[in-house]
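To start, the structure itself, in C-alpha cells.
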Amino acid sequence: MSGPDVAAPSPWIVRFAARIPPGAPVLDLACGAGRHGRWLHARGHPVVLLDRDVAPVADLAGRPGVEIVCADLENGSPWPLGTRRFGGVVVTRYLWRPLFPTLVAAVAPGGVLLYETFARGHERLGRPTNPDFLLRPRELLDAVRPALEVIGYEALEVAEPKPAVVQRVAAVRAGA
C-alpha cells in the first residue's frame, strides 16, 4: 500500500517494527504522507493515520484497516483518540513536548513506541532551527522512562536520506 511519491520508511522504524505485536493496531502520529502507516498496514497492521493535514493520505480513505484522523495537536484541543491504546506508536520528524505523556500512555501492554526526530545540533544543517523543535540531550530517554523499557536509543548525526542530527528511541511496555 504505497501512495504516489511516498518516501521509504525510516530504517529505525523498520529495524524495530517486528517488536509490534502481530496484527496489533498502530498509530502513525503526524503521519504526513503516511510512509510508516502504509508500510505497517502492508505488513498486516490496522493503522490510524493522524495529522492536521490529511490530504496526503486521502487516497487511503475507506480502505479496510485504515482510519484517518484529522486533528491539530498543538491548538489546545483534547487528544482525539481518548484512552485508546496501540501495539505500536510511531512518530518521526515531529516534536510537540506536551504530547509525551499521552504518547507513552497510548502504548498498549506488550506494545512499542518508536520515535525519531531532530535534536540539538541540527540547526547547523537546516530546518528546523528553532530550539523549541529540537530535542535536548537524552530528552527522549527521559520522556519514556520509567513507564516504558528502552530497547534501543541513539543520538547521532546521520547522512541519509539527508544530513540531520536526530534522537531515536524504541521502548516497550511490559505485559502482553
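Here, A, B, ... name the chains of the C-alpha cells in the order displayed, residue numbers run from 1 inside each chain, and ligands are numbered from 1 in the same displayed order.
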Which residues are close to Gly152 in chain A, i.e. within 12 Å by only C-alpha atoms, leaving aside same-chain residues fewer than 2 positions away? Reply as a list in words. Trp12, Ile13, Arg15, Phe16, Arg19, Val112, Leu113, Leu114, Tyr115, Glu116, Leu140, Leu141, Val144, Leu148, Glu149, Val150, Glu154, Ala155, Gln167, Arg168, Val169, Ala170, Ala171 and Val172 of chain A
Residues from last step as file, C-alpha atoms, as a short mmCIF file (atom, residue, chain, number, x, y, z; two decimals), in the first residue's frame:
```cif
data_model
loop_
_atom_site.label_atom_id
_atom_site.label_comp_id
_atom_site.auth_asym_id
_atom_site.auth_seq_id
_atom_site.Cartn_x
_atom_site.Cartn_y
_atom_site.Cartn_z
CA TRP A 12 14.91 2.96 12.62
CA ILE A 13 11.21 2.12 12.27
CA ARG A 15 14.57 -2.14 12.50
CA PHE A 16 12.16 -2.26 15.44
CA ARG A 19 8.51 -5.68 18.12
CA VAL A 112 6.23 -0.42 21.41
CA LEU A 113 6.86 3.30 20.96
CA LEU A 114 9.13 4.12 18.00
CA TYR A 115 10.15 7.76 17.97
CA GLU A 116 12.72 9.59 15.84
CA LEU A 140 13.57 11.06 24.54
CA LEU A 141 15.01 8.77 27.20
CA VAL A 144 9.65 7.38 28.11
CA LEU A 148 8.49 2.04 29.16
CA GLU A 149 11.59 -0.12 28.87
CA VAL A 150 14.10 1.28 26.40
CA GLU A 154 20.58 6.64 19.50
CA ALA A 155 21.62 10.27 19.45
CA GLN A 167 17.48 11.15 18.58
CA ARG A 168 15.72 7.82 18.26
CA VAL A 169 14.11 5.63 20.85
CA ALA A 170 12.42 2.24 20.77
CA ALA A 171 10.67 1.45 24.03
CA VAL A 172 8.24 -1.29 25.09
#
```
Just how far from CA of Leu50 in chain A is CA of Leu73 in chain A, in Å to one decimal?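 So the answer is 9.4 Å.
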Could you pull out all residues of range 15-69 of chain A with a DSSP call of helix (DSSP H, G or I) and give them as a count of residues only? 18
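Using only C-alpha atoms, the shortest contact distance between Val66 in chain A and any of A:Arg52, A:Arg38, A:Arg85, A:His122 is found at A:Arg38.
Counting only C-alpha atoms, the residue from A:Pro137, A:Gly175, A:Pro101, A:Gly111 that sits nearest to Gly88 in chain A is A:Gly111.
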Could you pull out the strand (DSSP E or B) residues of range 5-143 of chain A, going by DSSP on the backbone, and write them as JSON, numbers by chain? {"A": [26, 27, 28, 29, 47, 48, 49, 50, 51, 66, 67, 68, 69, 70, 86, 87, 88, 89, 90, 91, 92, 107, 108, 109, 110, 111, 112, 113, 114, 115, 116, 117, 118, 119, 135]}
Go ahead and write the selection's residues with C-alpha atoms as a PDB file, in the first residue's frame.
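Saved file again_0.pdb follows:
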```
ATOM      1  CA  VAL A  26      -0.573   1.118  15.039  1.00  0.00           C
ATOM      2  CA  LEU A  27      -0.811   4.881  15.429  1.00  0.00           C
ATOM      3  CA  ASP A  28       1.214   6.869  12.886  1.00  0.00           C
ATOM      4  CA  LEU A  29       1.264  10.289  14.544  1.00  0.00           C
ATOM      5  CA  VAL A  47      -3.397   1.769  11.225  1.00  0.00           C
ATOM      6  CA  VAL A  48      -4.602   5.112  12.499  1.00  0.00           C
ATOM      7  CA  LEU A  49      -3.092   7.944  10.464  1.00  0.00           C
ATOM      8  CA  LEU A  50      -3.272  11.196  12.421  1.00  0.00           C
ATOM      9  CA  ASP A  51      -2.245  14.629  11.155  1.00  0.00           C
ATOM     10  CA  VAL A  66      -7.156   2.307   7.811  1.00  0.00           C
ATOM     11  CA  GLU A  67      -8.556   5.094   9.972  1.00  0.00           C
ATOM     12  CA  ILE A  68      -7.707   8.696   9.137  1.00  0.00           C
ATOM     13  CA  VAL A  69      -7.958  11.289  11.899  1.00  0.00           C
ATOM     14  CA  CYS A  70      -7.622  14.997  11.164  1.00  0.00           C
ATOM     15  CA  PHE A  86      -1.894   0.740  20.326  1.00  0.00           C
ATOM     16  CA  GLY A  87       0.542  -2.105  19.773  1.00  0.00           C
ATOM     17  CA  GLY A  88       2.724   0.437  18.007  1.00  0.00           C
ATOM     18  CA  VAL A  89       3.006   4.204  18.267  1.00  0.00           C
ATOM     19  CA  VAL A  90       5.218   5.674  15.541  1.00  0.00           C
ATOM     20  CA  VAL A  91       6.406   9.284  15.479  1.00  0.00           C
ATOM     21  CA  THR A  92       9.056  10.675  13.132  1.00  0.00           C
ATOM     22  CA  VAL A 107       1.301   2.209  24.157  1.00  0.00           C
ATOM     23  CA  ALA A 108      -0.614  -0.979  24.992  1.00  0.00           C
ATOM     24  CA  PRO A 109       0.854  -3.712  27.201  1.00  0.00           C
ATOM     25  CA  GLY A 110       3.387  -5.549  25.048  1.00  0.00           C
ATOM     26  CA  GLY A 111       3.410  -2.630  22.592  1.00  0.00           C
ATOM     27  CA  VAL A 112       6.228  -0.416  21.406  1.00  0.00           C
ATOM     28  CA  LEU A 113       6.857   3.303  20.955  1.00  0.00           C
ATOM     29  CA  LEU A 114       9.125   4.121  18.001  1.00  0.00           C
ATOM     30  CA  TYR A 115      10.148   7.764  17.967  1.00  0.00           C
ATOM     31  CA  GLU A 116      12.717   9.585  15.837  1.00  0.00           C
ATOM     32  CA  THR A 117      13.096  13.319  15.420  1.00  0.00           C
ATOM     33  CA  PHE A 118      15.518  16.199  15.195  1.00  0.00           C
ATOM     34  CA  ALA A 119      17.848  17.097  18.065  1.00  0.00           C
ATOM     35  CA  LEU A 135      15.303  17.628  21.347  1.00  0.00           C
TER      36      LEU A 135
END
```
Pick the closest to Leu95 in chain A from A:Ala143, A:Leu134, A:Ala71, A:Val57: which is it, counting only C-alpha atoms?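 Checking each candidate against Leu95 in chain A, we get A:Leu134 as the closest.
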Can you tell me, as a ChimeraX atom specification, what residues are no more than 12 Å from Arg124 in chain A when counting only C-alpha atoms, ignoring any on the same chain fewer than 3 positions away? /A:118-121,127-131,134,157,163-165
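For the set A:Gly126, A:His36, A:Asn75, A:Ala30, the residue with the smallest atom-to-atom gap to Val54 in chain A is A:Ala30, counting only C-alpha atoms.
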Could you tell me how far CA of Val158 in chain A sits from CA of Ala106 in chain A, in Å to one decimal place?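 Between CA of Ala106 in chain A and CA of Val158 in chain A the gap is 28.6 Å.
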Please identify all polymer residues within 12 Å of Pro78 in chain A, counting only C-alpha atoms, omitting same-chain residues fewer than 6 positions from it, and present them as an mmCIF file with C-alpha atoms, in the first residue's frame.
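Once everything was written out, this is part.cif:
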```
data_model
loop_
_atom_site.group_PDB
_atom_site.id
_atom_site.type_symbol
_atom_site.label_atom_id
_atom_site.label_comp_id
_atom_site.auth_asym_id
_atom_site.auth_seq_id
_atom_site.Cartn_x
_atom_site.Cartn_y
_atom_site.Cartn_z
ATOM 1 C CA ALA A 71 -6.557 16.870 14.294
ATOM 2 C CA ASP A 72 -4.380 19.794 15.236
ATOM 3 C CA PRO A 98 3.152 18.280 25.725
ATOM 4 C CA LEU A 99 2.223 15.033 23.923
ATOM 5 C CA THR A 102 -0.136 10.955 26.090
#
```
So how many Å separate CA of Gly37 in chain A and CA of Gly65 in chain A, to one decimal?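 Rounded to one decimal, the two atoms are 10.6 Å apart.
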